[in-house]
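Peer 1: Following this line is run12.txt, made up of compact mmCIF, C-alpha atoms and all ligand atoms:
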# COMPACT_ATOMS: atom_id res chain seq x y z
CA MET A 18 12.94 -89.51 28.17
CA LYS A 19 10.03 -91.56 29.47
CA LEU A 20 6.30 -91.44 28.59
CA VAL A 21 3.36 -92.38 30.81
CA PHE A 22 -0.18 -92.59 29.39
CA HIS A 23 -2.92 -91.15 31.60
CA GLY A 24 -5.68 -91.22 28.96
CA ALA A 25 -6.59 -91.71 25.26
CA ALA A 26 -4.88 -95.12 25.40
CA LYS A 27 -7.02 -97.49 23.31
CA GLU A 28 -9.87 -95.00 23.61
CA VAL A 29 -10.90 -91.58 22.27
CA GLY A 30 -11.09 -88.98 25.03
CA ARG A 31 -9.17 -87.58 28.04
CA SER A 32 -5.88 -87.21 26.16
CA CYS A 33 -3.02 -86.77 28.63
CA ILE A 34 0.54 -88.01 28.20
CA GLU A 35 3.24 -87.44 30.79
CA VAL A 36 6.77 -86.79 29.55
CA GLN A 37 9.56 -87.29 32.08
CA THR A 38 13.00 -85.98 31.25
CA GLN A 39 16.08 -85.07 33.27
CA GLY A 40 14.16 -84.90 36.51
CA ASP A 41 11.38 -82.72 35.05
CA ARG A 42 7.82 -83.65 34.23
CA TYR A 43 5.53 -82.33 31.48
CA LEU A 44 2.03 -83.10 30.24
CA LEU A 45 0.92 -83.26 26.62
CA ASP A 46 -2.79 -82.32 26.70
CA ALA A 47 -5.24 -82.48 29.60
CA GLY A 48 -8.58 -83.70 28.29
CA ILE A 49 -11.86 -85.08 29.54
CA LYS A 50 -14.11 -87.84 28.28
CA PHE A 51 -17.90 -87.81 28.20
CA LYS A 52 -19.41 -91.03 29.47
CA GLU A 53 -22.92 -92.00 30.41
CA GLY A 54 -23.97 -90.08 33.50
CA GLY A 55 -20.82 -88.02 33.89
CA LEU A 56 -17.30 -87.06 32.95
CA ALA A 57 -14.09 -89.08 33.01
CA TYR A 58 -10.76 -87.40 33.73
CA PRO A 59 -7.22 -88.68 33.01
CA GLU A 60 -6.17 -91.47 35.40
CA ASN A 61 -3.70 -90.99 38.26
CA LEU A 62 -3.34 -87.23 38.07
CA VAL A 63 -4.30 -86.53 41.67
CA ASN A 64 -1.05 -87.69 43.19
CA LEU A 65 1.21 -86.51 40.42
CA PRO A 66 4.24 -84.74 41.90
CA ASP A 67 5.28 -81.35 40.45
CA VAL A 68 4.55 -80.71 36.79
CA ASP A 69 6.89 -78.25 35.05
CA GLY A 70 4.77 -77.42 32.01
CA ILE A 71 1.63 -78.39 30.12
CA PHE A 72 1.37 -78.37 26.32
CA ILE A 73 -2.10 -78.19 24.75
CA SER A 74 -2.45 -79.37 21.14
CA HIS A 75 -5.92 -77.88 20.48
CA ALA A 76 -9.10 -76.59 22.07
CA HIS A 77 -11.39 -79.65 21.90
CA GLU A 78 -12.46 -80.72 25.35
CA ASP A 79 -11.00 -84.19 25.03
CA HIS A 80 -7.62 -82.39 24.87
CA ALA A 81 -8.06 -79.28 27.04
CA GLY A 82 -11.15 -79.90 29.17
CA ALA A 83 -9.24 -81.05 32.27
CA LEU A 84 -7.13 -77.89 32.59
CA PRO A 85 -9.30 -76.44 35.39
CA LEU A 86 -9.08 -79.76 37.21
CA LEU A 87 -5.27 -79.60 37.22
CA GLU A 88 -5.51 -76.14 38.73
CA HIS A 89 -7.89 -77.58 41.30
CA TYR A 90 -5.25 -80.15 42.26
CA LYS A 91 -2.78 -77.26 42.56
CA ILE A 92 -0.78 -78.49 39.61
CA ILE A 93 0.28 -74.94 38.78
CA CYS A 94 2.76 -74.38 35.95
CA PRO A 95 2.92 -72.68 32.54
CA ILE A 96 0.31 -73.91 30.04
CA TYR A 97 1.61 -73.57 26.49
CA CYS A 98 -0.80 -73.29 23.52
CA THR A 99 -1.49 -71.14 20.48
CA LYS A 100 -3.44 -67.94 20.96
CA LEU A 101 -6.39 -69.27 19.00
CA THR A 102 -6.47 -72.51 20.99
CA TYR A 103 -6.78 -70.54 24.19
CA GLY A 104 -9.35 -68.11 22.76
CA ILE A 105 -11.55 -71.04 21.78
CA SER A 106 -10.86 -73.11 24.93
CA LYS A 107 -11.97 -70.24 27.09
CA VAL A 108 -15.42 -70.24 25.46
CA LEU A 109 -15.69 -74.05 25.51
CA LEU A 110 -14.52 -74.44 29.13
CA LYS A 111 -16.97 -71.87 30.40
CA ASP A 112 -19.79 -73.41 28.42
CA SER A 113 -19.06 -76.97 29.49
CA TYR A 114 -18.86 -75.88 33.13
CA LYS A 115 -22.30 -74.31 32.77
CA ILE A 116 -23.78 -77.37 31.04
CA ALA A 117 -22.20 -79.78 33.55
CA ARG A 118 -23.79 -77.82 36.38
CA ILE A 119 -27.20 -77.76 34.68
CA LYS A 120 -27.10 -81.49 33.88
CA ASN A 121 -25.75 -82.37 37.33
CA LEU A 122 -22.61 -83.93 35.88
CA HIS A 123 -20.61 -82.56 38.84
CA PRO A 124 -17.48 -81.06 37.33
CA ALA A 125 -14.61 -81.78 39.71
CA TYR A 126 -13.50 -78.14 39.77
CA THR A 127 -14.86 -74.68 40.54
CA LYS A 128 -15.22 -71.36 38.73
CA ILE A 129 -12.04 -70.10 40.44
CA ASP A 130 -10.05 -72.85 38.73
CA LEU A 131 -11.27 -71.59 35.35
CA LYS A 132 -9.81 -68.16 36.16
CA GLN A 133 -6.51 -69.68 37.29
CA VAL A 134 -6.09 -71.36 33.89
CA GLU A 135 -6.06 -67.90 32.29
CA LYS A 136 -3.20 -66.78 34.55
CA ASP A 137 -1.01 -69.75 33.64
CA VAL A 138 -1.48 -69.70 29.86
CA ARG A 139 1.52 -68.72 27.69
CA PHE A 140 0.92 -68.15 23.99
CA VAL A 141 3.10 -69.98 21.51
CA LYS A 142 3.63 -68.94 17.88
CA TYR A 143 3.75 -71.62 15.23
CA ASP A 144 7.16 -72.64 13.90
CA HIS A 145 9.18 -70.84 16.62
CA LEU A 146 11.71 -72.67 18.77
CA TYR A 147 11.10 -72.06 22.47
CA LYS A 148 13.20 -73.00 25.50
CA HIS A 149 11.74 -73.99 28.86
CA ARG A 150 13.94 -75.33 31.67
CA LYS A 151 15.94 -78.16 30.08
CA ILE A 152 13.82 -78.70 26.96
CA LYS A 153 13.19 -77.01 23.64
CA PHE A 154 9.83 -77.17 21.88
CA VAL A 155 8.13 -76.15 18.62
CA PHE A 156 4.44 -76.01 17.68
CA ARG A 157 3.65 -76.87 14.03
CA ASN A 158 0.31 -76.78 12.22
CA ALA A 159 -1.70 -79.98 12.80
CA GLY A 160 -4.44 -79.24 10.23
CA HIS A 161 -7.25 -80.41 12.54
CA VAL A 162 -9.09 -77.27 13.73
CA PRO A 163 -8.07 -73.59 13.91
CA GLY A 164 -5.20 -73.21 16.38
CA SER A 165 -4.33 -76.93 16.42
CA ALA A 166 -0.70 -77.92 16.73
CA MET A 167 1.68 -80.84 16.54
CA ILE A 168 4.20 -80.49 19.33
CA THR A 169 7.91 -81.34 19.12
CA ILE A 170 9.92 -81.65 22.33
CA THR A 171 13.69 -82.20 22.48
CA ASP A 172 15.76 -82.65 25.63
CA GLY A 173 19.19 -82.59 23.99
CA GLU A 174 19.23 -86.36 23.63
CA LYS A 175 15.84 -87.40 22.26
CA LYS A 176 13.26 -85.85 19.98
CA LEU A 177 9.54 -86.50 20.46
CA VAL A 178 6.71 -85.51 18.09
CA TYR A 179 3.09 -85.56 19.28
CA THR A 180 0.47 -85.11 16.57
CA GLY A 181 -2.50 -84.18 18.79
CA ASP A 182 -5.43 -84.60 16.38
CA THR A 183 -4.36 -84.11 12.82
CA LYS A 184 -5.45 -83.93 9.20
CA LEU A 185 -3.03 -84.18 6.33
CA LYS A 186 -5.26 -82.73 3.62
CA THR A 187 -6.24 -79.07 3.50
CA THR A 188 -9.92 -78.51 4.31
CA GLU A 189 -12.23 -75.55 3.75
CA LEU A 190 -11.17 -74.05 7.09
CA VAL A 191 -7.64 -75.25 7.90
CA LYS A 192 -4.49 -75.83 5.87
CA GLY A 193 -3.07 -79.37 5.92
CA ALA A 194 -0.67 -80.54 8.63
CA HIS A 195 3.08 -79.92 8.70
CA THR A 196 4.69 -83.34 8.40
CA PHE A 197 8.36 -82.77 7.68
CA TYR A 198 10.52 -83.70 10.63
CA GLU A 199 14.06 -85.07 10.93
CA ASP A 200 15.65 -87.57 13.30
CA VAL A 201 12.54 -88.26 15.33
CA ASP A 202 13.04 -90.77 18.15
CA ALA A 203 9.34 -91.21 18.98
CA LEU A 204 6.12 -90.26 17.20
CA ILE A 205 2.90 -90.31 19.22
CA ILE A 206 0.11 -90.33 16.63
CA GLU A 207 -3.68 -90.18 16.84
CA SER A 208 -5.58 -93.10 15.29
CA THR A 209 -9.23 -92.00 15.28
CA TYR A 210 -9.81 -93.22 11.71
CA GLY A 211 -7.13 -95.94 11.86
CA ASP A 212 -9.52 -98.53 10.43
CA ARG A 213 -11.49 -96.34 8.01
CA ASP A 214 -11.27 -94.43 4.76
CA LEU A 215 -13.00 -91.11 4.27
CA PRO A 216 -14.84 -90.33 1.04
CA ASP A 217 -13.35 -87.80 -1.37
CA ARG A 218 -14.05 -84.41 0.18
CA ALA A 219 -14.66 -82.42 -3.01
CA GLU A 220 -17.16 -85.03 -4.24
CA THR A 221 -18.92 -85.15 -0.88
CA ARG A 222 -19.13 -81.36 -0.86
CA GLU A 223 -20.74 -81.39 -4.31
CA GLN A 224 -23.33 -83.98 -3.23
CA PHE A 225 -24.03 -81.99 -0.08
CA LEU A 226 -24.65 -78.73 -1.96
CA ALA A 227 -26.75 -80.51 -4.62
CA LYS A 228 -28.92 -82.07 -1.91
CA ILE A 229 -29.57 -78.64 -0.34
CA GLU A 230 -30.63 -77.26 -3.72
CA GLU A 231 -32.94 -80.26 -4.26
CA VAL A 232 -34.65 -79.84 -0.87
CA ILE A 233 -35.11 -76.11 -1.39
CA ALA A 234 -36.53 -76.76 -4.88
CA ARG A 235 -39.16 -79.12 -3.46
CA GLY A 236 -40.23 -76.47 -0.96
CA GLY A 237 -38.53 -77.91 2.12
CA SER A 238 -36.16 -76.49 4.70
CA VAL A 239 -32.71 -77.91 5.49
CA ILE A 240 -31.42 -78.45 9.02
CA ILE A 241 -27.63 -78.82 9.16
CA PRO A 242 -26.41 -79.91 12.63
CA VAL A 243 -22.76 -78.87 13.05
CA PHE A 244 -19.96 -79.09 15.62
CA ALA A 245 -19.33 -75.57 16.93
CA LEU A 246 -15.60 -75.70 16.22
CA GLY A 247 -14.52 -76.63 12.71
CA ARG A 248 -17.57 -78.10 10.99
CA ALA A 249 -19.73 -75.00 11.48
CA GLN A 250 -17.15 -72.87 9.70
CA ASP A 251 -16.42 -75.55 7.06
CA VAL A 252 -20.12 -75.57 6.20
CA LEU A 253 -20.35 -71.76 5.93
CA ILE A 254 -17.41 -71.76 3.52
CA MET A 255 -19.01 -74.58 1.47
CA LEU A 256 -22.34 -72.73 1.31
CA ALA A 257 -20.54 -69.69 -0.14
CA GLU A 258 -20.08 -71.67 -3.36
CA LYS A 259 -23.76 -71.46 -4.36
CA LYS A 260 -26.60 -68.98 -4.48
CA PHE A 261 -29.54 -70.64 -2.75
CA LYS A 262 -33.15 -69.65 -3.16
CA ALA A 263 -33.64 -69.59 0.61
CA PRO A 264 -31.94 -67.63 3.39
CA ILE A 265 -29.13 -69.20 5.44
CA TYR A 266 -29.50 -68.92 9.22
CA PHE A 267 -26.65 -69.44 11.72
CA ASP A 268 -27.49 -70.45 15.26
CA GLY A 269 -25.92 -71.66 18.54
CA MET A 270 -22.48 -71.55 20.10
CA ALA A 271 -20.77 -71.69 16.71
CA LYS A 272 -21.45 -67.96 16.42
CA ARG A 273 -19.11 -67.08 19.30
CA LEU A 274 -16.39 -69.45 18.10
CA THR A 275 -16.55 -68.15 14.52
CA GLN A 276 -16.12 -64.64 15.90
CA ARG A 277 -12.97 -65.79 17.75
CA ILE A 278 -11.57 -67.46 14.67
CA LEU A 279 -12.16 -64.35 12.56
CA THR A 280 -10.64 -61.93 15.05
CA THR A 281 -7.53 -63.91 16.07
CA PRO A 282 -4.82 -63.82 13.39
CA ASP A 283 -3.65 -67.34 12.57
CA PRO A 284 -1.44 -68.31 9.62
CA TYR A 285 -3.13 -71.67 9.00
CA VAL A 286 -6.78 -70.67 8.86
CA ASN A 287 -7.94 -71.12 5.28
CA ASN A 288 -10.51 -69.06 3.34
CA HIS A 289 -10.59 -66.34 6.02
CA ALA A 290 -12.11 -63.72 3.67
CA ILE A 291 -14.91 -66.05 2.52
CA LEU A 292 -15.72 -67.03 6.09
CA ASP A 293 -15.70 -63.37 7.12
CA GLU A 294 -18.08 -62.41 4.31
CA MET A 295 -20.44 -65.29 5.02
CA PHE A 296 -20.48 -64.72 8.76
CA ASN A 297 -20.69 -60.94 8.73
CA LYS A 298 -22.75 -60.31 5.59
CA LYS A 299 -24.46 -63.34 4.08
CA VAL A 300 -25.97 -65.38 6.91
CA ILE A 301 -28.72 -64.32 9.26
CA HIS A 302 -27.75 -64.71 12.93
CA ILE A 303 -30.48 -66.07 15.14
CA GLY A 304 -30.50 -63.71 18.08
CA SER A 305 -33.27 -64.99 20.35
CA PRO A 306 -35.78 -67.85 20.80
CA LYS A 307 -38.46 -65.56 19.38
CA HIS A 308 -36.35 -64.83 16.30
CA ARG A 309 -35.79 -68.59 15.87
CA GLU A 310 -39.49 -69.35 16.12
CA HIS A 311 -40.26 -66.74 13.50
CA ALA A 312 -37.47 -67.90 11.13
CA MET A 313 -38.67 -71.52 11.22
CA LYS A 314 -42.07 -70.55 9.87
CA SER A 315 -40.70 -70.08 6.35
CA GLN A 316 -38.21 -71.90 4.20
CA GLY A 317 -34.56 -71.73 5.20
CA ILE A 318 -31.17 -73.38 5.54
CA PHE A 319 -30.49 -73.67 9.27
CA VAL A 320 -26.85 -74.24 10.29
CA THR A 321 -26.87 -74.94 14.00
CA THR A 322 -25.31 -76.79 16.94
CA SER A 323 -25.11 -79.41 18.26
CA GLY A 324 -23.47 -81.66 15.70
CA MET A 325 -24.72 -84.92 17.20
CA VAL A 326 -28.21 -83.52 17.89
CA GLN A 327 -27.65 -83.80 21.63
CA GLY A 328 -29.17 -80.48 22.69
CA GLY A 329 -28.64 -76.92 21.53
CA PRO A 330 -30.93 -74.99 19.14
CA VAL A 331 -31.02 -77.88 16.63
CA MET A 332 -33.59 -79.54 18.91
CA SER A 333 -36.05 -76.65 18.41
CA TYR A 334 -35.80 -76.90 14.64
CA ILE A 335 -36.41 -80.64 14.63
CA GLU A 336 -39.30 -80.28 17.07
CA GLU A 337 -40.93 -77.93 14.59
CA MET A 338 -40.19 -79.86 11.39
CA TRP A 339 -39.90 -83.61 12.23
CA HIS A 340 -43.32 -84.55 10.85
CA ASP A 341 -42.86 -83.19 7.31
CA PRO A 342 -41.00 -85.32 4.71
CA LYS A 343 -40.24 -82.37 2.46
CA HIS A 344 -37.63 -81.13 4.98
CA ALA A 345 -34.16 -82.66 5.36
CA ILE A 346 -31.65 -83.11 8.17
CA LEU A 347 -28.11 -83.28 6.82
CA LEU A 348 -25.61 -84.58 9.38
CA THR A 349 -22.07 -83.39 8.76
CA GLY A 350 -19.77 -85.44 10.95
CA PHE A 351 -19.10 -88.48 13.09
CA GLN A 352 -22.06 -89.57 15.24
CA CYS A 353 -21.11 -91.36 18.48
CA LYS A 354 -23.01 -94.39 19.71
CA ARG A 355 -26.14 -93.66 21.75
CA THR A 356 -26.46 -90.05 20.52
CA ASN A 357 -29.59 -88.70 18.83
CA GLY A 358 -27.56 -88.28 15.64
CA ARG A 359 -26.69 -91.98 15.61
CA HIS A 360 -30.30 -92.97 16.43
CA LEU A 361 -31.50 -90.80 13.55
CA LEU A 362 -29.12 -92.43 11.09
CA ASP A 363 -29.55 -96.04 12.17
CA GLU A 364 -33.15 -96.16 13.36
CA GLY A 365 -34.80 -92.93 12.21
CA PHE A 366 -35.79 -91.59 15.62
CA ILE A 367 -34.60 -89.09 18.19
CA TYR A 368 -35.61 -88.37 21.76
CA ILE A 369 -37.51 -85.08 22.11
CA ASP A 370 -38.15 -84.24 25.77
CA GLY A 371 -37.69 -87.93 26.58
CA TRP A 372 -40.20 -89.09 23.93
CA ARG A 373 -39.01 -91.33 21.14
CA THR A 374 -40.03 -89.52 17.96
CA TYR A 375 -39.75 -91.11 14.50
CA VAL A 376 -38.63 -88.31 12.22
CA LYS A 377 -40.26 -88.13 8.80
CA CYS A 378 -37.75 -85.69 7.23
CA GLU A 379 -35.13 -86.98 4.80
CA ILE A 380 -32.01 -87.90 6.80
CA LEU A 381 -28.53 -88.11 5.30
CA LYS A 382 -24.97 -88.06 6.58
CA PHE A 383 -22.02 -86.49 4.77
CA GLY A 384 -18.57 -87.76 5.77
CA PHE A 385 -16.70 -84.54 6.45
CA SER A 386 -14.00 -84.94 9.06
CA GLY A 387 -11.19 -83.01 10.70
CA HIS A 388 -9.14 -86.19 11.14
CA ALA A 389 -6.75 -87.99 8.82
CA ASP A 390 -8.16 -91.26 7.50
CA LYS A 391 -6.16 -94.48 7.58
CA GLU A 392 -4.21 -93.90 4.36
CA ASP A 393 -3.26 -90.38 5.45
CA LEU A 394 -2.20 -91.63 8.90
CA LYS A 395 0.10 -94.13 7.18
CA GLU A 396 1.49 -91.34 5.00
CA ILE A 397 2.26 -89.23 8.08
CA VAL A 398 4.08 -92.18 9.67
CA ARG A 399 6.14 -92.75 6.51
CA ARG A 400 7.07 -89.07 6.27
CA VAL A 401 8.07 -88.68 9.92
CA ASP A 402 9.77 -92.11 9.94
CA PRO A 403 10.46 -92.26 13.69
CA LYS A 404 12.45 -94.89 15.58
CA LYS A 405 9.53 -95.60 17.90
CA LEU A 406 5.92 -95.34 16.84
CA ILE A 407 3.10 -95.02 19.35
CA PHE A 408 -0.57 -95.30 18.41
CA GLN A 409 -3.18 -93.72 20.71
CA HIS A 410 -6.45 -91.72 20.54
CA GLY A 411 -8.53 -94.38 18.79
CA ASP A 412 -11.05 -97.11 19.54
CA PRO A 413 -9.35 -100.49 20.12
CA GLU A 414 -10.18 -101.69 16.58
CA ALA A 415 -8.68 -98.57 14.99
CA ILE A 416 -5.52 -98.83 17.10
CA GLU A 417 -5.19 -102.53 16.28
CA ALA A 418 -5.54 -101.87 12.53
CA MET A 419 -2.74 -99.29 12.61
CA ARG A 420 -0.53 -101.40 14.88
CA SER A 421 -0.75 -104.50 12.70
CA TRP A 422 -0.07 -102.49 9.52
CA ALA A 423 2.96 -100.80 11.11
CA GLU A 424 4.44 -104.05 12.45
CA LYS A 425 4.26 -105.63 8.99
CA GLN A 426 6.37 -102.76 7.58
CA ASN A 427 9.25 -103.84 9.85
CA LYS A 428 10.67 -100.32 10.03
CA TRP A 429 9.67 -98.97 13.41
CA ARG A 430 9.35 -100.22 16.98
CA VAL A 431 5.56 -100.15 17.44
CA TYR A 432 3.55 -99.52 20.61
CA ALA A 433 -0.17 -99.43 21.43
CA PRO A 434 -0.11 -98.48 25.11
CA GLU A 435 -2.74 -99.14 27.76
CA ILE A 436 -3.60 -96.56 30.39
CA GLY A 437 -0.79 -96.39 32.95
CA GLU A 438 1.76 -97.95 30.59
CA GLU A 439 5.27 -96.48 30.48
CA ILE A 440 7.45 -96.25 27.37
CA GLU A 441 11.15 -95.41 27.35
CA VAL A 442 11.89 -93.21 24.31
ZN ZN B 501 -9.95 -82.74 18.27
Hey, can you dump this file as C-alpha cells for me?
Ligand SMILES: [Zn+2]

Peer 2:
Amino acid sequence: MKLVFHGAAKEVGRSCIEVQTQGDRYLLDAGIKFKEGGLAYPENLVNLPDVDGIFISHAHEDHAGALPLLEHYKIICPIYCTKLTYGISKVLLKDSYKIARIKNLHPAYTKIDLKQVEKDVRFVKYDHLYKHRKIKFVFRNAGHVPGSAMITITDGEKKLVYTGDTKLKTTELVKGAHTFYEDVDALIIESTYGDRDLPDRAETREQFLAKIEEVIARGGSVIIPVFALGRAQDVLIMLAEKKFKAPIYFDGMAKRLTQRILTTPDPYVNNHAILDEMFNKKVIHIGSPKHREHAMKSQGIFVTTSGMVQGGPVMSYIEEMWHDPKHAILLTGFQCKRTNGRHLLDEGFIYIDGWRTYVKCEILKFGFSGHADKEDLKEIVRRVDPKKLIFQHGDPEAIEAMRSWAEKQNKWRVYAPEIGEEIEV
C-alpha cells in the first residue's frame, strides 16, 4: 500500500490523499482551499490515471469541495460517504458554485459536474464492513460535524486509518470520535490544533451564556456569527439552556443545513430533540430582507452566518448596529487571517462595502471548536498506536509541534509529508 499527498500537506485545505494498492487507486477526500483571489485544488489530479473509488470523510469544502472538479476531469467512480455528509455537501457545493460565480472566482467545473456527483455517490452506514474490488473499508464516527467519519481501509496485508477532521470529546451536537482500532499499520491524522489547547468547553459555554444575559440586561442586542455546519447548531443547543428576555432569531444558510441534520437519521448526532425543539419551535426564522430589517429594530439575539463575518446576513446586522456600544458581537470559532472576524478581534474594525469601519459594539471570542486540541490528538495517537504515524491538515507550526512530540515518544515511525510526497505503508 502506498500513499501520495495531493493536498493538506503542511497546510489546512484541499485534503486529498491517494491510496495505491494491488494495482488499484483510491482517493481519501477531494477538497478545495480558499486563497486570496480564487480557489486552490489538490495538486496533480489532472493527469491521474483511473481512480477506483473516492472516500469522503465529511461535508466541509476543504474535504469535499473538489468532487465536481474530479467529475469534470472524467474521474468517474463510486464516491463513498455517509448519507448526512452527502445531504450537507449537496447544499454546500451548490452554494459555493453560486458564490464563486458571483465573486468571479472561476470554479473549474460546471453545473453538469455537480449533477454527476449525485449519480456516483454511494451511501455508507457507520460501523459496517464494506467490500469494494480488492479492499474492505469501514466508516466510524469522527466526532467533528454531523455525518463525519474516520475511514479504515484494509487490503488484506495492511490496515490504514484516516481520521479526516476529528474531535475526541462529545460536543453539544456530535458524539465524540470512535478511537478503538487494532493492528493499525498507518494512521493519517489531522493536526489543526497540533500546537494549541482549547479552553474547557463547559466553562466557555457558561461564560458565553452569561455574557448574552448581561448584554440583554443592559438593553443591547447580541450578534452571534456562526459557521453554517456545526457551530450554528451547537449554539442553538447551548441557547436552549436559558430563558432569555429577548427573542432568538436564526438567519442564513444554517437554516437549510439544520433542516438536513434534523431530517436525516444519524446515530452520532447529539441532542437531536433539543435541536429540533429550538429550530422548529423556539427560534424565529428570518424569512426575507424585510423581515430582517424589521427584527433588527428591537432587541434580539441574532444567530447568523457567516462565522468569520465574510458576507452573509451577519453583515446587515453589523451595518445596523456597529455604532452602538450597548450591543455585542460574540464570535464562536476560529477566525482565519485577513478575515473580517480576525480584523474585528485584533484591530476592532471590519470592511463594510469596502469601507474600514471601527465597530463600537463589545467584541468577544469564545473558543468553541469541532477539532481535537493538542492533548486530545496525542490521546488519539496513543489509543490507535499505529506502526506509522502521518501528520497532515495543519499549519506548518502545528504539524511540527505534533511531529516533534511523536518522535520523542520513540514508539512510531513519524511522517510530516509535503505535497507530492509518497509514503510506503
Ligand atoms: Zn472539517

Peer 1: Can you build me a table of chain A residues sitting at most 10 Å from ligand ZN 501 (chain B), with the closest atom pair per residue and its distance in Å to one decimal, using only C-alpha atoms and all ligand atoms, sorted by chain and residue number, as a Markdown table?

Peer 2:
| residue | atom | partner | partner_atom | distance |
| --- | --- | --- | --- | --- |
| A:Val29 | CA | B:ZN501 | ZN | 9.7 |
| A:Gly30 | CA | B:ZN501 | ZN | 9.3 |
| A:Ser32 | CA | B:ZN501 | ZN | 9.9 |
| A:Ser74 | CA | B:ZN501 | ZN | 8.7 |
| A:His75 | CA | B:ZN501 | ZN | 6.7 |
| A:Ala76 | CA | B:ZN501 | ZN | 7.3 |
| A:His77 | CA | B:ZN501 | ZN | 5.0 |
| A:Glu78 | CA | B:ZN501 | ZN | 7.8 |
| A:Asp79 | CA | B:ZN501 | ZN | 7.0 |
| A:His80 | CA | B:ZN501 | ZN | 7.0 |
| A:Ala81 | CA | B:ZN501 | ZN | 9.6 |
| A:His161 | CA | B:ZN501 | ZN | 6.7 |
| A:Val162 | CA | B:ZN501 | ZN | 7.2 |
| A:Ser165 | CA | B:ZN501 | ZN | 8.3 |
| A:Gly181 | CA | B:ZN501 | ZN | 7.6 |
| A:Asp182 | CA | B:ZN501 | ZN | 5.2 |
| A:Thr183 | CA | B:ZN501 | ZN | 7.9 |
| A:Glu207 | CA | B:ZN501 | ZN | 9.8 |
| A:Thr209 | CA | B:ZN501 | ZN | 9.8 |
| A:Leu246 | CA | B:ZN501 | ZN | 9.3 |
| A:Gly247 | CA | B:ZN501 | ZN | 9.4 |
| A:Gly387 | CA | B:ZN501 | ZN | 7.7 |
| A:His388 | CA | B:ZN501 | ZN | 8.0 |
| A:His410 | CA | B:ZN501 | ZN | 9.9 |

Peer 1: Kindly save the residues from that selection, with C-alpha atoms included, as a PDB file, in the frame of the given file.

Peer 2:
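The resulting file, result22.pdb, is shown below:
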ATOM      1  CA  VAL A  29     -10.900 -91.580  22.270  1.00  0.00           C
ATOM      2  CA  GLY A  30     -11.090 -88.980  25.030  1.00  0.00           C
ATOM      3  CA  SER A  32      -5.880 -87.210  26.160  1.00  0.00           C
ATOM      4  CA  SER A  74      -2.450 -79.370  21.140  1.00  0.00           C
ATOM      5  CA  HIS A  75      -5.920 -77.880  20.480  1.00  0.00           C
ATOM      6  CA  ALA A  76      -9.100 -76.590  22.070  1.00  0.00           C
ATOM      7  CA  HIS A  77     -11.390 -79.650  21.900  1.00  0.00           C
ATOM      8  CA  GLU A  78     -12.460 -80.720  25.350  1.00  0.00           C
ATOM      9  CA  ASP A  79     -11.000 -84.190  25.030  1.00  0.00           C
ATOM     10  CA  HIS A  80      -7.620 -82.390  24.870  1.00  0.00           C
ATOM     11  CA  ALA A  81      -8.060 -79.280  27.040  1.00  0.00           C
ATOM     12  CA  HIS A 161      -7.250 -80.410  12.540  1.00  0.00           C
ATOM     13  CA  VAL A 162      -9.090 -77.270  13.730  1.00  0.00           C
ATOM     14  CA  SER A 165      -4.330 -76.930  16.420  1.00  0.00           C
ATOM     15  CA  GLY A 181      -2.500 -84.180  18.790  1.00  0.00           C
ATOM     16  CA  ASP A 182      -5.430 -84.600  16.380  1.00  0.00           C
ATOM     17  CA  THR A 183      -4.360 -84.110  12.820  1.00  0.00           C
ATOM     18  CA  GLU A 207      -3.680 -90.180  16.840  1.00  0.00           C
ATOM     19  CA  THR A 209      -9.230 -92.000  15.280  1.00  0.00           C
ATOM     20  CA  LEU A 246     -15.600 -75.700  16.220  1.00  0.00           C
ATOM     21  CA  GLY A 247     -14.520 -76.630  12.710  1.00  0.00           C
ATOM     22  CA  GLY A 387     -11.190 -83.010  10.700  1.00  0.00           C
ATOM     23  CA  HIS A 388      -9.140 -86.190  11.140  1.00  0.00           C
ATOM     24  CA  HIS A 410      -6.450 -91.720  20.540  1.00  0.00           C
TER      25      HIS A 410
END

Peer 1: Using all atoms listed in the file, pick whichever of A:Phe408, A:Thr188, A:Tyr97, A:Asn288 has the shortest atom-to-atom distance to Ala26 (chain A).

Peer 2: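 Once distances to Ala26 (chain A) are computed over all atoms listed in the file, the minimum belongs to A:Phe408.
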
Peer 1: Let me make sure I understand: among A:Tyr126, A:Tyr210, A:Phe225, A:Phe197, which one has the smallest atom-to-atom distance to Leu110 (chain A) if we use all atoms listed in the file?

Peer 2: A:Tyr126

Peer 1: Edge lengths and centre in Å to one decimal, as JSON, is what I'm after for the box along x, y and z that holds all listed atoms of region 244-258 of chain A once 3 Å is added on each side.

Peer 2:
{"center_x": -18.4, "center_y": -74.4, "center_z": 6.8, "size_x": 13.8, "size_y": 15.4, "size_z": 26.3}

Peer 1: Which polymer residues, whether protein, DNA or RNA, lie within 12 Å of the coordinate (-4.3, -95.2, 6.1) when you count only C-alpha atoms? List them as a ChimeraX atom specification, using the chain letters and numbers from the file.

Peer 2: /A:184-185,207-215,388-399,415-416,418-423

Peer 1: So that I can see what lies close to Met255 (chain A), please list as a tab-separated table (two decimals) with C-alpha atoms, keeping the file's coordinate frame the residues with an atom at most 10 Å from it, counting all atoms listed in the file and leaving out residues fewer than 3 positions away in the same chain.

Peer 2:
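Output below, filename out_18.tsv:
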chain	number	residue	atom	x	y	z
A	189	GLU	CA	-12.23	-75.55	3.75
A	190	LEU	CA	-11.17	-74.05	7.09
A	222	ARG	CA	-19.13	-81.36	-0.86
A	223	GLU	CA	-20.74	-81.39	-4.31
A	225	PHE	CA	-24.03	-81.99	-0.08
A	226	LEU	CA	-24.65	-78.73	-1.96
A	250	GLN	CA	-17.15	-72.87	9.70
A	251	ASP	CA	-16.42	-75.55	7.06
A	252	VAL	CA	-20.12	-75.57	6.20
A	258	GLU	CA	-20.08	-71.67	-3.36
A	259	LYS	CA	-23.76	-71.46	-4.36
A	291	ILE	CA	-14.91	-66.05	2.52
A	292	LEU	CA	-15.72	-67.03	6.09

Peer 1: For a test of reading the model, state the distance in Å between CA of Lys260 (chain A) and CA of Ala290 (chain A), rounded to one decimal.

Peer 2: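 Between CA of Lys260 (chain A) and CA of Ala290 (chain A) the gap works out to 17.4 Å.
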
Peer 1: Do you know which residues are at most 12 Å from Gly304 (chain A) counting only C-alpha atoms, after dropping those on the same chain fewer than 2 positions away, and could you put them as a PyMOL selection string?

Peer 2: chain A and resi 266-270+272-273+301-302+306-312+330
